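Heads up: the structure comes next, in C-alpha cells.
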Amino acid sequence: MRAVVEAANGRELDTTDGVRVIEPDGEWAMVLPDPLEAVTHLWAEAWDPDRALMLLDAWAAVVEAASR
C-alpha cells in the first residue's frame, strides 16, 4: 500500500477502505488488499469506460511492481 501512496504524487487520497486515489477531475481508483487471500482488488470510476480501464491498468502496474 505504501507504493500506491507514493505513486499518487500529491493526488487526494482516501484511506478509509484501502487506498482511493482521486484525480483532480473526480475520477478515482481504489486499491484494496484482500484480508483473507493473497490478492489485491482494484476498482475505478471515470467519465467513460476507456478512461476507467486506463486507471485500472495504471494502478495494477503499481501494485505488480511493488510485489516483485
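Residue names in the C-alpha cells use chain letters A, B, ... in the order shown, residue numbers from 1 in each chain, and ligand numbers from 1 in the order shown.
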Near-segment 16-30 of chain A list (6 Å; only C-alpha atoms; drop same-chain fewer than 5 positions) as a PyMOL selection string: chain A and resi 42-46
Close residues, segment 60-62 of chain A itself excluded, 7 Å, only C-alpha atoms, min 4 positions apart in chain, as a ChimeraX atom specification: /A:3-4,56,66
Store the residues picked out above in a file with C-alpha atoms, as a PDB file, in the first residue's frame.
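Dumped everything to result.pdb:
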```pdb
ATOM      1  CA  ALA A   3       3.853   2.029  -3.120  1.00  0.00           C
ATOM      2  CA  VAL A   4       0.345   3.194  -4.057  1.00  0.00           C
ATOM      3  CA  LEU A  56      -7.134   0.241 -13.593  1.00  0.00           C
ATOM      4  CA  ALA A  66       5.554  -3.402  -5.664  1.00  0.00           C
TER       5      ALA A  66
END
```
In chain A, DSSP helix (DSSP H, G or I) residues written as a ChimeraX atom specification: /A:2-7,49-66
What would the file look like if the residues just selected were written as an mmCIF file, in the first residue's frame with N, CA, C and O atoms?
```cif
data_model
loop_
_atom_site.group_PDB
_atom_site.id
_atom_site.type_symbol
_atom_site.label_atom_id
_atom_site.label_comp_id
_atom_site.auth_asym_id
_atom_site.auth_seq_id
_atom_site.Cartn_x
_atom_site.Cartn_y
_atom_site.Cartn_z
ATOM 1 N N ARG A 2 2.052 1.137 0.574
ATOM 2 C CA ARG A 2 2.958 2.279 0.570
ATOM 3 C C ARG A 2 3.318 2.691 -0.851
ATOM 4 O O ARG A 2 3.403 3.875 -1.156
ATOM 5 N N ALA A 3 3.515 1.722 -1.729
ATOM 6 C CA ALA A 3 3.853 2.029 -3.120
ATOM 7 C C ALA A 3 2.730 2.804 -3.796
ATOM 8 O O ALA A 3 2.989 3.715 -4.592
ATOM 9 N N VAL A 4 1.489 2.479 -3.478
ATOM 10 C CA VAL A 4 0.345 3.194 -4.057
ATOM 11 C C VAL A 4 0.322 4.630 -3.558
ATOM 12 O O VAL A 4 0.162 5.572 -4.338
ATOM 13 N N VAL A 5 0.516 4.820 -2.262
ATOM 14 C CA VAL A 5 0.530 6.167 -1.691
ATOM 15 C C VAL A 5 1.655 6.995 -2.310
ATOM 16 O O VAL A 5 1.449 8.147 -2.689
ATOM 17 N N GLU A 6 2.833 6.401 -2.442
ATOM 18 C CA GLU A 6 3.960 7.128 -3.036
ATOM 19 C C GLU A 6 3.709 7.449 -4.507
ATOM 20 O O GLU A 6 4.051 8.527 -4.982
ATOM 21 N N ALA A 7 3.081 6.535 -5.244
ATOM 22 C CA ALA A 7 2.816 6.754 -6.672
ATOM 23 C C ALA A 7 1.712 7.775 -6.899
ATOM 24 O O ALA A 7 1.571 8.292 -8.010
ATOM 25 N N PRO A 49 -15.816 4.471 -19.983
ATOM 26 C CA PRO A 49 -15.228 3.155 -19.698
ATOM 27 C C PRO A 49 -13.749 3.042 -20.089
ATOM 28 O O PRO A 49 -12.980 2.387 -19.382
ATOM 29 N N ASP A 50 -13.347 3.668 -21.177
ATOM 30 C CA ASP A 50 -11.937 3.595 -21.587
ATOM 31 C C ASP A 50 -11.026 4.245 -20.560
ATOM 32 O O ASP A 50 -9.954 3.731 -20.248
ATOM 33 N N ARG A 51 -11.446 5.361 -20.025
ATOM 34 C CA ARG A 51 -10.642 6.049 -19.010
ATOM 35 C C ARG A 51 -10.584 5.209 -17.722
ATOM 36 O O ARG A 51 -9.538 5.125 -17.080
ATOM 37 N N ALA A 52 -11.686 4.562 -17.356
ATOM 38 C CA ALA A 52 -11.684 3.700 -16.170
ATOM 39 C C ALA A 52 -10.700 2.547 -16.359
ATOM 40 O O ALA A 52 -9.951 2.206 -15.435
ATOM 41 N N LEU A 53 -10.680 1.966 -17.547
ATOM 42 C CA LEU A 53 -9.719 0.892 -17.819
ATOM 43 C C LEU A 53 -8.284 1.399 -17.765
ATOM 44 O O LEU A 53 -7.391 0.690 -17.278
ATOM 45 N N MET A 54 -8.049 2.607 -18.231
ATOM 46 C CA MET A 54 -6.702 3.185 -18.151
ATOM 47 C C MET A 54 -6.275 3.348 -16.700
ATOM 48 O O MET A 54 -5.129 3.050 -16.347
ATOM 49 N N LEU A 55 -7.185 3.812 -15.849
ATOM 50 C CA LEU A 55 -6.864 3.946 -14.426
ATOM 51 C C LEU A 55 -6.560 2.583 -13.810
ATOM 52 O O LEU A 55 -5.589 2.437 -13.052
ATOM 53 N N LEU A 56 -7.376 1.583 -14.122
ATOM 54 C CA LEU A 56 -7.134 0.241 -13.593
ATOM 55 C C LEU A 56 -5.786 -0.302 -14.041
ATOM 56 O O LEU A 56 -5.035 -0.867 -13.230
ATOM 57 N N ASP A 57 -5.463 -0.126 -15.313
ATOM 58 C CA ASP A 57 -4.173 -0.606 -15.818
ATOM 59 C C ASP A 57 -3.009 0.088 -15.119
ATOM 60 O O ASP A 57 -2.020 -0.547 -14.743
ATOM 61 N N ALA A 58 -3.117 1.394 -14.951
ATOM 62 C CA ALA A 58 -2.029 2.161 -14.330
ATOM 63 C C ALA A 58 -1.797 1.719 -12.886
ATOM 64 O O ALA A 58 -0.656 1.490 -12.463
ATOM 65 N N TRP A 59 -2.863 1.567 -12.121
ATOM 66 C CA TRP A 59 -2.691 1.201 -10.714
ATOM 67 C C TRP A 59 -2.370 -0.273 -10.548
ATOM 68 O O TRP A 59 -1.660 -0.647 -9.610
ATOM 69 N N ALA A 60 -2.818 -1.113 -11.459
ATOM 70 C CA ALA A 60 -2.418 -2.516 -11.419
ATOM 71 C C ALA A 60 -0.911 -2.639 -11.650
ATOM 72 O O ALA A 60 -0.239 -3.454 -11.008
ATOM 73 N N ALA A 61 -0.373 -1.808 -12.519
ATOM 74 C CA ALA A 61 1.076 -1.824 -12.757
ATOM 75 C C ALA A 61 1.840 -1.417 -11.512
ATOM 76 O O ALA A 61 2.893 -1.985 -11.203
ATOM 77 N N VAL A 62 1.317 -0.460 -10.750
ATOM 78 C CA VAL A 62 1.962 -0.037 -9.498
ATOM 79 C C VAL A 62 1.959 -1.199 -8.501
ATOM 80 O O VAL A 62 2.975 -1.504 -7.880
ATOM 81 N N VAL A 63 0.812 -1.855 -8.372
ATOM 82 C CA VAL A 63 0.695 -2.986 -7.428
ATOM 83 C C VAL A 63 1.629 -4.118 -7.847
ATOM 84 O O VAL A 63 2.330 -4.701 -7.017
ATOM 85 N N GLU A 64 1.645 -4.447 -9.127
ATOM 86 C CA GLU A 64 2.507 -5.533 -9.617
ATOM 87 C C GLU A 64 3.983 -5.217 -9.392
ATOM 88 O O GLU A 64 4.754 -6.092 -8.992
ATOM 89 N N ALA A 65 4.384 -3.979 -9.649
ATOM 90 C CA ALA A 65 5.792 -3.592 -9.452
ATOM 91 C C ALA A 65 6.182 -3.690 -7.975
ATOM 92 O O ALA A 65 7.297 -4.084 -7.640
ATOM 93 N N ALA A 66 5.262 -3.353 -7.097
ATOM 94 C CA ALA A 66 5.554 -3.402 -5.664
ATOM 95 C C ALA A 66 5.648 -4.828 -5.149
ATOM 96 O O ALA A 66 6.299 -5.086 -4.137
#
```
Please identify the strand (DSSP E or B) residues within chain A (assignment by DSSP from backbone atoms) and present them as a short mmCIF file (atom, residue, chain, number, x, y, z; two decimals) with N, CA, C and O atoms, in the first residue's frame.
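Saved to result_33.cif:
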```cif
data_model
loop_
_atom_site.label_atom_id
_atom_site.label_comp_id
_atom_site.auth_asym_id
_atom_site.auth_seq_id
_atom_site.Cartn_x
_atom_site.Cartn_y
_atom_site.Cartn_z
N GLU A 12 -5.20 13.63 -4.18
CA GLU A 12 -6.01 13.44 -2.98
C GLU A 12 -6.14 11.94 -2.70
O GLU A 12 -6.36 11.16 -3.62
N LEU A 13 -6.02 11.56 -1.44
CA LEU A 13 -6.13 10.15 -1.04
C LEU A 13 -7.24 10.00 0.00
O LEU A 13 -7.42 10.87 0.85
N ASP A 14 -7.93 8.89 -0.07
CA ASP A 14 -8.89 8.49 0.95
C ASP A 14 -8.48 7.09 1.38
O ASP A 14 -8.47 6.17 0.58
N VAL A 19 -6.82 2.17 -0.34
CA VAL A 19 -6.33 3.49 -0.76
C VAL A 19 -7.09 3.89 -2.02
O VAL A 19 -7.02 3.22 -3.04
N ARG A 20 -7.85 4.97 -1.91
CA ARG A 20 -8.56 5.54 -3.05
C ARG A 20 -7.77 6.76 -3.50
O ARG A 20 -7.53 7.68 -2.72
N VAL A 21 -7.33 6.73 -4.75
CA VAL A 21 -6.58 7.84 -5.33
C VAL A 21 -7.56 8.63 -6.19
O VAL A 21 -8.13 8.10 -7.15
N ILE A 22 -7.75 9.89 -5.84
CA ILE A 22 -8.75 10.72 -6.50
C ILE A 22 -8.05 11.71 -7.43
O ILE A 22 -7.19 12.48 -7.01
N TRP A 28 -11.53 8.28 -9.97
CA TRP A 28 -10.76 7.67 -8.90
C TRP A 28 -10.48 6.20 -9.16
O TRP A 28 -11.15 5.57 -9.97
N ALA A 29 -9.48 5.72 -8.46
CA ALA A 29 -9.15 4.29 -8.45
C ALA A 29 -8.93 3.89 -7.00
O ALA A 29 -8.37 4.66 -6.22
N MET A 30 -9.39 2.70 -6.67
CA MET A 30 -9.19 2.20 -5.31
C MET A 30 -8.41 0.90 -5.36
O MET A 30 -8.67 0.03 -6.19
N VAL A 31 -7.44 0.79 -4.45
CA VAL A 31 -6.61 -0.40 -4.31
C VAL A 31 -6.89 -0.95 -2.91
O VAL A 31 -6.72 -0.25 -1.92
N LEU A 32 -7.32 -2.20 -2.87
CA LEU A 32 -7.71 -2.80 -1.60
C LEU A 32 -7.20 -4.22 -1.50
O LEU A 32 -7.62 -5.11 -2.26
N PRO A 33 -6.26 -4.48 -0.58
CA PRO A 33 -5.79 -5.85 -0.40
C PRO A 33 -6.89 -6.70 0.25
O PRO A 33 -7.62 -6.23 1.11
N THR A 40 -5.12 -8.55 -4.52
CA THR A 40 -5.45 -7.15 -4.35
C THR A 40 -6.57 -6.81 -5.31
O THR A 40 -6.51 -7.15 -6.49
N HIS A 41 -7.58 -6.16 -4.81
CA HIS A 41 -8.73 -5.76 -5.62
C HIS A 41 -8.54 -4.32 -6.08
O HIS A 41 -8.05 -3.49 -5.32
N LEU A 42 -8.94 -4.04 -7.31
CA LEU A 42 -8.88 -2.68 -7.84
C LEU A 42 -10.23 -2.31 -8.42
O LEU A 42 -10.86 -3.13 -9.10
N TRP A 43 -10.66 -1.09 -8.15
CA TRP A 43 -11.88 -0.54 -8.72
C TRP A 43 -11.55 0.83 -9.27
O TRP A 43 -10.63 1.50 -8.79
N ALA A 44 -12.32 1.26 -10.25
CA ALA A 44 -12.13 2.60 -10.80
C ALA A 44 -13.47 3.15 -11.25
O ALA A 44 -14.36 2.41 -11.66
N GLU A 45 -13.58 4.45 -11.14
CA GLU A 45 -14.75 5.14 -11.66
C GLU A 45 -14.26 6.34 -12.45
O GLU A 45 -13.42 7.11 -11.97
#
```
